[in-house]
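One file, upload.txt, is given below (compact mmCIF, C-alpha atoms and all ligand atoms).
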# COMPACT_ATOMS: atom_id res chain seq x y z
CA LEU A 1 181.85 108.01 20.67
CA ASP A 2 182.55 111.06 22.80
CA LYS A 3 184.43 110.01 25.91
CA TYR A 4 183.35 110.85 29.45
CA CYS A 5 184.56 109.46 32.73
CA VAL A 6 184.30 109.61 36.50
CA PHE A 7 187.54 109.57 38.50
CA GLY A 8 187.74 108.55 42.14
CA ASN A 9 189.30 106.34 44.79
CA PRO A 10 187.39 104.18 45.58
CA ILE A 11 185.24 104.14 42.43
CA ALA A 12 183.52 100.72 42.24
CA GLN A 13 180.50 102.11 44.13
CA SER A 14 179.96 104.96 41.64
CA ARG A 15 176.50 105.17 40.04
CA SER A 16 177.63 107.86 37.59
CA PRO A 17 178.16 105.53 34.58
CA PHE A 18 174.66 104.10 35.08
CA ILE A 19 173.12 107.58 35.43
CA HIS A 20 174.90 109.15 32.45
CA HIS A 21 174.15 106.19 30.19
CA ALA A 22 170.48 106.37 31.20
CA PHE A 23 170.44 110.12 30.43
CA ALA A 24 172.14 109.48 27.07
CA VAL A 25 169.58 106.84 26.07
CA ALA A 26 166.72 109.13 27.09
CA THR A 27 168.09 112.07 25.07
CA ASN A 28 169.31 110.09 22.04
CA LYS A 29 173.01 110.78 22.60
CA LYS A 30 175.70 108.20 21.99
CA ILE A 31 178.44 108.46 24.59
CA SER A 32 181.05 106.39 26.35
CA TYR A 33 181.15 106.96 30.13
CA GLN A 34 183.57 104.94 32.22
CA ALA A 35 184.52 104.82 35.89
CA LYS A 36 188.26 105.06 36.52
CA PHE A 37 190.09 104.19 39.71
CA VAL A 38 192.98 106.58 40.31
CA GLU A 39 195.85 105.97 42.72
CA LEU A 40 196.40 108.74 45.26
CA GLY A 41 198.88 111.24 43.83
CA GLU A 42 198.12 110.26 40.24
CA PHE A 43 195.05 112.37 39.56
CA THR A 44 196.76 115.05 37.46
CA SER A 45 198.47 112.51 35.20
CA ALA A 46 195.23 110.53 34.87
CA ILE A 47 193.48 113.68 33.62
CA GLN A 48 196.34 114.47 31.23
CA THR A 49 196.10 110.97 29.78
CA PHE A 50 192.32 111.33 29.48
CA ILE A 51 192.75 114.61 27.56
CA LYS A 52 195.33 113.01 25.22
CA GLU A 53 192.86 110.23 24.53
CA GLY A 54 190.30 112.82 23.44
CA GLY A 55 188.21 112.89 26.63
CA LYS A 56 185.47 115.52 26.52
CA GLY A 57 184.38 115.69 30.13
CA ALA A 58 184.87 114.12 33.52
CA ASN A 59 183.20 113.90 36.87
CA VAL A 60 185.43 113.91 39.89
CA THR A 61 184.61 112.31 43.19
CA ALA A 62 186.38 111.80 46.52
CA PRO A 63 189.19 112.38 47.26
CA PHE A 64 190.13 114.39 44.15
CA LYS A 65 187.67 117.30 44.10
CA GLU A 66 190.17 119.79 45.55
CA GLU A 67 192.93 118.64 43.20
CA ALA A 68 190.51 119.03 40.30
CA LEU A 69 190.01 122.63 41.38
CA ARG A 70 193.76 123.24 41.24
CA ILE A 71 194.30 121.78 37.76
CA ALA A 72 191.44 123.67 36.10
CA ASP A 73 192.40 126.52 33.74
CA HIS A 74 189.05 128.22 34.29
CA LEU A 75 186.65 127.97 37.24
CA THR A 76 183.04 128.95 37.73
CA GLU A 77 182.21 131.12 40.71
CA ARG A 78 180.30 128.28 42.38
CA ALA A 79 183.27 125.91 42.03
CA ARG A 80 185.67 128.53 43.41
CA LEU A 81 183.44 129.17 46.42
CA ALA A 82 182.82 125.45 46.95
CA GLY A 83 186.59 124.99 46.96
CA ALA A 84 186.01 121.84 44.94
CA VAL A 85 185.30 120.70 41.38
CA ASN A 86 183.07 117.75 40.46
CA THR A 87 182.76 118.45 36.73
CA LEU A 88 185.55 119.03 34.22
CA THR A 89 184.92 120.01 30.62
CA ILE A 90 187.74 119.75 28.09
CA LYS A 91 187.57 122.26 25.26
CA ASP A 92 190.39 123.26 22.90
CA GLY A 93 192.89 121.62 25.24
CA LYS A 94 191.77 123.75 28.19
CA ILE A 95 190.21 122.43 31.40
CA TYR A 96 187.03 124.10 32.66
CA GLY A 97 186.11 123.31 36.27
CA ASP A 98 182.61 123.54 37.70
CA ASN A 99 180.73 122.18 40.69
CA THR A 100 177.18 120.94 40.18
CA ASP A 101 176.70 119.34 43.62
CA GLY A 102 174.97 122.35 45.19
CA GLU A 103 172.67 122.88 42.21
CA GLY A 104 171.87 119.16 42.33
CA LEU A 105 170.69 119.62 45.92
CA VAL A 106 168.70 122.77 45.12
CA GLN A 107 166.98 121.09 42.15
CA ASP A 108 166.09 118.08 44.30
CA LEU A 109 164.62 120.30 47.03
CA ILE A 110 162.53 122.13 44.40
CA ARG A 111 161.48 118.81 42.82
CA ASN A 112 160.16 117.79 46.24
CA ASN A 113 158.14 121.00 46.54
CA ILE A 114 160.29 122.47 49.29
CA ILE A 115 160.10 126.26 49.22
CA LEU A 116 163.51 127.85 49.63
CA GLU A 117 162.54 131.48 49.20
CA ASN A 118 162.34 133.22 52.57
CA SER A 119 162.96 129.92 54.41
CA ARG A 120 165.05 129.48 57.53
CA ILE A 121 167.59 126.78 56.69
CA LEU A 122 169.77 124.85 59.13
CA LEU A 123 172.83 123.27 57.53
CA LEU A 124 174.46 120.57 59.66
CA GLY A 125 178.20 120.28 59.03
CA ALA A 126 180.92 122.64 57.85
CA GLY A 127 183.12 120.37 55.74
CA GLY A 128 183.42 120.09 51.96
CA ALA A 129 179.86 118.87 51.43
CA ALA A 130 178.37 121.81 53.36
CA LYS A 131 180.63 124.37 51.72
CA GLY A 132 179.60 123.20 48.25
CA VAL A 133 175.90 123.93 48.74
CA ILE A 134 176.06 127.37 50.39
CA LEU A 135 176.19 129.57 47.27
CA PRO A 136 173.48 127.62 45.37
CA LEU A 137 171.24 127.76 48.47
CA LEU A 138 171.89 131.50 48.94
CA SER A 139 170.95 132.09 45.31
CA GLN A 140 167.42 130.83 46.12
CA SER A 141 166.84 133.81 48.46
CA PRO A 142 166.31 132.06 51.80
CA LYS A 143 165.72 134.19 54.89
CA SER A 144 168.78 132.70 56.58
CA ILE A 145 171.19 129.79 56.55
CA THR A 146 172.54 128.72 59.94
CA ILE A 147 175.61 126.49 59.74
CA ALA A 148 175.74 124.21 62.77
CA ASN A 149 178.88 122.21 63.36
CA ARG A 150 180.46 120.03 66.05
CA THR A 151 183.56 122.20 65.73
CA LEU A 152 182.10 125.70 65.96
CA SER A 153 185.22 127.43 64.58
CA LYS A 154 184.82 125.71 61.19
CA ALA A 155 181.23 126.97 60.89
CA SER A 156 182.31 130.52 61.83
CA GLU A 157 185.11 130.38 59.26
CA LEU A 158 182.64 129.45 56.52
CA CYS A 159 180.46 132.43 57.50
CA GLN A 160 183.46 134.75 57.33
CA GLN A 161 184.56 133.35 54.01
CA PHE A 162 181.18 133.78 52.32
CA ASN A 163 180.67 137.14 54.02
CA ASN A 164 176.91 137.22 53.58
CA ASP A 165 174.54 138.69 56.16
CA LYS A 166 172.14 135.75 55.75
CA LEU A 167 174.73 133.31 57.13
CA PHE A 168 174.99 132.41 60.82
CA SER A 169 176.97 129.80 62.73
CA CYS A 170 176.34 127.78 65.87
CA GLU A 171 177.24 124.55 67.58
CA LEU A 172 175.66 121.32 66.39
CA THR A 173 173.84 120.77 69.69
CA GLU A 174 172.54 124.33 70.05
CA GLU A 175 168.87 124.92 70.86
CA SER A 176 166.72 127.23 68.80
CA ALA A 177 163.94 129.59 69.93
CA GLN A 178 162.14 128.87 66.68
CA PRO A 179 162.24 125.60 64.70
CA PHE A 180 163.79 125.67 61.22
CA ASP A 181 161.85 125.28 57.95
CA ILE A 182 164.52 123.12 56.34
CA ILE A 183 167.29 121.06 57.96
CA ILE A 184 170.00 119.67 55.68
CA ASN A 185 172.47 117.10 56.98
CA ALA A 186 175.86 117.65 55.34
CA THR A 187 177.91 115.87 58.00
CA SER A 188 179.76 112.67 57.20
CA ALA A 189 178.88 111.12 60.57
CA SER A 190 176.64 108.32 59.26
CA LEU A 191 179.20 107.32 56.63
CA SER A 192 181.43 106.16 59.46
CA GLY A 193 178.52 104.68 61.43
CA GLN A 194 178.45 107.57 63.90
CA THR A 195 175.49 109.51 65.23
CA PHE A 196 175.05 112.85 66.97
CA THR A 197 172.39 114.37 69.18
CA LEU A 198 170.32 117.31 68.00
CA SER A 199 168.01 119.48 70.08
CA SER A 200 164.30 118.82 69.52
CA SER A 201 163.76 122.61 69.57
CA ILE A 202 165.12 122.91 66.00
CA ILE A 203 162.44 120.72 64.39
CA ALA A 204 158.64 121.03 64.03
CA SER A 205 155.92 119.28 62.03
CA HIS A 206 156.35 121.72 59.12
CA THR A 207 160.13 121.09 58.88
CA ALA A 208 161.59 119.46 55.77
CA CYS A 209 164.61 117.25 56.55
CA TYR A 210 167.17 116.35 53.89
CA ASP A 211 170.10 113.99 54.35
CA MET A 212 172.78 114.29 51.66
CA VAL A 213 173.68 110.67 52.40
CA TYR A 214 171.56 107.87 50.93
CA GLY A 215 171.55 104.12 51.20
CA LYS A 216 169.43 101.05 51.53
CA ALA A 217 168.75 101.66 55.21
CA LYS A 218 167.36 104.88 56.62
CA THR A 219 170.08 107.12 58.02
CA PRO A 220 170.09 108.11 61.74
CA PHE A 221 169.18 111.67 60.70
CA ILE A 222 166.13 110.47 58.72
CA LEU A 223 165.07 108.30 61.67
CA TRP A 224 165.39 111.34 63.94
CA ALA A 225 163.22 113.35 61.51
CA GLU A 226 160.61 110.57 61.53
CA LYS A 227 160.61 110.47 65.31
CA HIS A 228 159.78 114.18 65.34
CA SER A 229 157.10 113.77 62.62
CA ALA A 230 158.85 116.12 60.22
CA ASN A 231 156.85 117.11 57.16
CA LYS A 232 159.39 115.75 54.68
CA LYS A 233 162.19 113.21 55.10
CA LEU A 234 164.41 112.93 52.05
CA ASP A 235 167.74 111.28 51.38
CA GLY A 236 170.49 112.31 48.96
CA LEU A 237 169.68 110.00 46.05
CA GLY A 238 167.91 112.82 44.23
CA MET A 239 170.89 115.12 44.80
CA LEU A 240 173.19 112.50 43.28
CA VAL A 241 171.05 112.26 40.15
CA GLY A 242 170.54 116.04 40.18
CA GLN A 243 174.26 116.84 40.12
CA ALA A 244 174.69 114.34 37.28
CA ALA A 245 171.86 115.99 35.34
CA GLU A 246 173.56 119.38 35.74
CA SER A 247 176.87 117.93 34.47
CA PHE A 248 175.07 116.23 31.58
CA GLN A 249 173.49 119.54 30.64
CA LEU A 250 176.87 121.30 30.69
CA TRP A 251 178.31 118.73 28.30
CA HIS A 252 175.37 118.01 26.02
CA SER A 253 173.30 121.23 26.22
CA THR A 254 170.15 119.29 27.02
CA LYS A 255 168.53 118.73 30.37
CA PRO A 256 167.60 115.09 31.03
CA GLU A 257 164.61 114.04 33.10
CA VAL A 258 165.71 112.92 36.54
CA ASP A 259 162.63 111.07 37.88
CA PRO A 260 162.94 107.84 35.84
CA VAL A 261 166.60 107.50 36.84
CA ILE A 262 165.92 108.24 40.51
CA ASN A 263 163.17 105.59 40.46
CA LYS A 264 165.44 102.99 38.88
CA LEU A 265 168.22 103.64 41.36
CA ARG A 266 165.77 103.49 44.26
CA GLN A 267 164.63 100.08 43.03
CA SER A 268 168.22 98.86 42.79
CA LEU A 269 168.85 99.84 46.42
CA LYS A 270 166.11 97.52 47.66
P1 LIG B 1 182.77 116.12 53.64
O1 LIG B 1 183.60 116.43 52.43
O2 LIG B 1 181.94 114.88 53.53
O3 LIG B 1 181.98 117.31 54.08
P2 LIG B 1 184.63 116.70 55.74
O4 LIG B 1 185.12 117.91 55.01
O5 LIG B 1 185.61 115.82 56.41
O6 LIG B 1 183.81 115.75 54.78
O7 LIG B 1 183.54 117.20 56.79
C1 LIG B 1 182.84 116.32 57.60
C2 LIG B 1 181.77 117.08 58.37
O8 LIG B 1 181.00 116.13 59.15
C3 LIG B 1 182.31 118.08 59.38
O9 LIG B 1 181.40 119.14 59.52
C4 LIG B 1 182.38 117.24 60.66
O10 LIG B 1 182.37 117.99 61.86
P3 LIG B 1 183.74 118.59 62.47
O11 LIG B 1 184.07 119.80 61.62
O12 LIG B 1 183.42 118.92 63.86
O13 LIG B 1 184.76 117.49 62.32
C5 LIG B 1 181.11 116.46 60.53
N1 LIG B 1 181.14 115.21 61.32
C6 LIG B 1 181.83 114.08 61.02
N2 LIG B 1 181.61 113.15 61.98
C7 LIG B 1 180.76 113.69 62.89
C8 LIG B 1 180.14 113.23 64.10
N3 LIG B 1 180.35 112.00 64.57
N4 LIG B 1 179.33 114.08 64.75
C9 LIG B 1 179.09 115.33 64.29
N5 LIG B 1 179.65 115.83 63.16
C10 LIG B 1 180.46 115.02 62.46

Using the file provided, produce a representation of the structure as structure tokens.
Ligand code: ATR
Amino acid sequence: LDKYCVFGNPIAQSRSPFIHHAFAVATNKKISYQAKFVELGEFTSAIQTFIKEGGKGANVTAPFKEEALRIADHLTERARLAGAVNTLTIKDGKIYGDNTDGEGLVQDLIRNNIILENSRILLLGAGGAAKGVILPLLSQSPKSITIANRTLSKASELCQQFNNDKLFSCELTEESAQPFDIIINATSASLSGQTFTLSSSIIASHTACYDMVYGKAKTPFILWAEKHSANKKLDGLGMLVGQAAESFQLWHSTKPEVDPVINKLRQSLK
């Protein structure tokens, strides 16, 4: 069996083995896909061991995505600009690093009939999660992407780094003369049980709201979107399955269907 793996710390919560096995069954592939806990500081040696054991590909999750970027021999443009790698492919002893997170988000937005072309997008947050989706979102030809962050300087730095005239920055609480078409929450606030206040001027009944976080309970951002009767209120479960589907395609050259797996995972959250 070809060996695949996801590396992280913690890792017990990872749905990747479930998702990749489901994709493999659906596409008639026989694979082994394990979750591996890695001690901090031991990521590089864990990957070396995995390569020696004949590993073909690996997903990388927190907190090793930046380290994965550093150990790759080759990087895709989207991984380089994300500053992080979530997918490693081992070929002829060389490590190829890619990042499928942003494409996973884009595919999930498209799957939910959200039109990105010419849209005005508000991206909340300027950390790793936000950075990873900027290039894939830009590639869908939006009118603009405004990065709103609690710490304004981090949003401005991202704009400078990407150097694209469609990118703007502002503070998280800033008002807007015109509501946005799409608001994407890429902050980690809800993961630590925190909330933040947003201006009601940024949202209207046509707005699609997307939280990259998912869970059993609705996130504060989704509740806020409901309160303002937003057109769409989506959580990040589809992005999770979407990034896995992109990784699966890189490794197995076939694109699995995401809907059955999203539905199964949604059931298991209940
Ligand atoms: P990740 O990799 O999940 O993006 P990160 O790089 O630590 O994690 O970034 C976290 C993001 O969530 C940042 O944009 C952070 O805002 P700051 O740059 O101002 O720190 C944002 N964030 C975290 N907690 C928040 C809170 N309580 N309110 C608003 N923004 C928050």

List the spatial neighbours of His20 of chain A as a ChimeraX atom specification - criterion: any atom at most 12 Å away, only C-alpha atoms, same-chain residues fewer than 6 positions off excluded.
/A:3-6,14,26-35,57-59,240-249,251-252,255-258,261

Mind writing the picked residues with C-alpha atoms as a short mmCIF file (atom, residue, chain, number, x, y, z; two decimals), keeping the file's coordinate frame?
data_model
loop_
_atom_site.label_atom_id
_atom_site.label_comp_id
_atom_site.auth_asym_id
_atom_site.auth_seq_id
_atom_site.Cartn_x
_atom_site.Cartn_y
_atom_site.Cartn_z
CA LYS A 3 184.43 110.01 25.91
CA TYR A 4 183.35 110.85 29.45
CA CYS A 5 184.56 109.46 32.73
CA VAL A 6 184.30 109.61 36.50
CA SER A 14 179.96 104.96 41.64
CA ALA A 26 166.72 109.13 27.09
CA THR A 27 168.09 112.07 25.07
CA ASN A 28 169.31 110.09 22.04
CA LYS A 29 173.01 110.78 22.60
CA LYS A 30 175.70 108.20 21.99
CA ILE A 31 178.44 108.46 24.59
CA SER A 32 181.05 106.39 26.35
CA TYR A 33 181.15 106.96 30.13
CA GLN A 34 183.57 104.94 32.22
CA ALA A 35 184.52 104.82 35.89
CA GLY A 57 184.38 115.69 30.13
CA ALA A 58 184.87 114.12 33.52
CA ASN A 59 183.20 113.90 36.87
CA LEU A 240 173.19 112.50 43.28
CA VAL A 241 171.05 112.26 40.15
CA GLY A 242 170.54 116.04 40.18
CA GLN A 243 174.26 116.84 40.12
CA ALA A 244 174.69 114.34 37.28
CA ALA A 245 171.86 115.99 35.34
CA GLU A 246 173.56 119.38 35.74
CA SER A 247 176.87 117.93 34.47
CA PHE A 248 175.07 116.23 31.58
CA GLN A 249 173.49 119.54 30.64
CA TRP A 251 178.31 118.73 28.30
CA HIS A 252 175.37 118.01 26.02
CA LYS A 255 168.53 118.73 30.37
CA PRO A 256 167.60 115.09 31.03
CA GLU A 257 164.61 114.04 33.10
CA VAL A 258 165.71 112.92 36.54
CA VAL A 261 166.60 107.50 36.84
#

Nearest residue to ligand LIG 1 (chain B) out of A:Ile95, A:Ile19, A:Leu172, A:Ala230, using only C-alpha atoms and all ligand atoms?
A:Leu172

Using all atoms listed in the file, find the one residue out of A:Asn263, A:Asn149, A:Asn86, A:Asn112 that sits nearest to ligand LIG 1 (chain B).
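Answer, going by the shortest atom-to-atom distance: A:Asn149.
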
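Excluding Gly128 of chain A itself and same-chain residues fewer than 3 positions from it, the residues having an atom within 12 Å of it are Thr61, Ala62, Pro63, Phe64, Lys65, Glu66, Ala79, Leu81, Ala82, Gly83, Ala84, Val85, Asn86, Asn99, Asp101, Gly102, Leu124, Gly125, Lys131, Gly132, Val133, Ile134, Lys154, Ala155, Leu158, Ala186, Thr187 and Ser188 of chain A, counting all atoms listed in the file.
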
With distances taken over only C-alpha atoms, which of A:Ala68, A:Leu138, A:Cys209, A:Ile182 is nearest to Ala46 of chain A?
A:Ala68

Counting all atoms listed in the file, I want the residues whose atoms come within 9 Å of (161.1, 111.9, 57.5) in the file frame, returned as a PyMOL selection string.
chain A and resi 208-210+221-234

Export C-alpha atoms of the chosen residues as a PDB file, keeping the file's coordinate frame?
ATOM      1  CA  ALA A 208     161.590 119.460  55.770  1.00  0.00           C
ATOM      2  CA  CYS A 209     164.610 117.250  56.550  1.00  0.00           C
ATOM      3  CA  TYR A 210     167.170 116.350  53.890  1.00  0.00           C
ATOM      4  CA  PHE A 221     169.180 111.670  60.700  1.00  0.00           C
ATOM      5  CA  ILE A 222     166.130 110.470  58.720  1.00  0.00           C
ATOM      6  CA  LEU A 223     165.070 108.300  61.670  1.00  0.00           C
ATOM      7  CA  TRP A 224     165.390 111.340  63.940  1.00  0.00           C
ATOM      8  CA  ALA A 225     163.220 113.350  61.510  1.00  0.00           C
ATOM      9  CA  GLU A 226     160.610 110.570  61.530  1.00  0.00           C
ATOM     10  CA  LYS A 227     160.610 110.470  65.310  1.00  0.00           C
ATOM     11  CA  HIS A 228     159.780 114.180  65.340  1.00  0.00           C
ATOM     12  CA  SER A 229     157.100 113.770  62.620  1.00  0.00           C
ATOM     13  CA  ALA A 230     158.850 116.120  60.220  1.00  0.00           C
ATOM     14  CA  ASN A 231     156.850 117.110  57.160  1.00  0.00           C
ATOM     15  CA  LYS A 232     159.390 115.750  54.680  1.00  0.00           C
ATOM     16  CA  LYS A 233     162.190 113.210  55.100  1.00  0.00           C
ATOM     17  CA  LEU A 234     164.410 112.930  52.050  1.00  0.00           C
TER      18      LEU A 234
END

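If you measure from each of A:Asp181, A:Glu77, A:Asp108, A:Glu157 to Ser144 of chain A using only C-alpha atoms, the closest one turns out to be A:Asp181.
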
Which of these, A:Val25, A:Ala12, A:Ile47, A:Ile147, has the shortest distance to ligand LIG 1 (chain B) once you count all atoms listed in the file?
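The shortest atom-to-atom distance to ligand LIG 1 (chain B) comes from A:Ile147.
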
Shortest interatomic distance to Ala148 of chain A - which of A:Val106, A:Ala177, A:Leu135, A:Leu198, counting all atoms listed in the file:
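Looking at the shortest contact to Ala148 of chain A, the residue is A:Leu198.
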
Around (191.6, 118.5, 27.4) in the file's own coordinates, what residues are found within 10 Å if you use all atoms listed in the file, given back as a ChimeraX atom specification?
/A:47-57,88-96
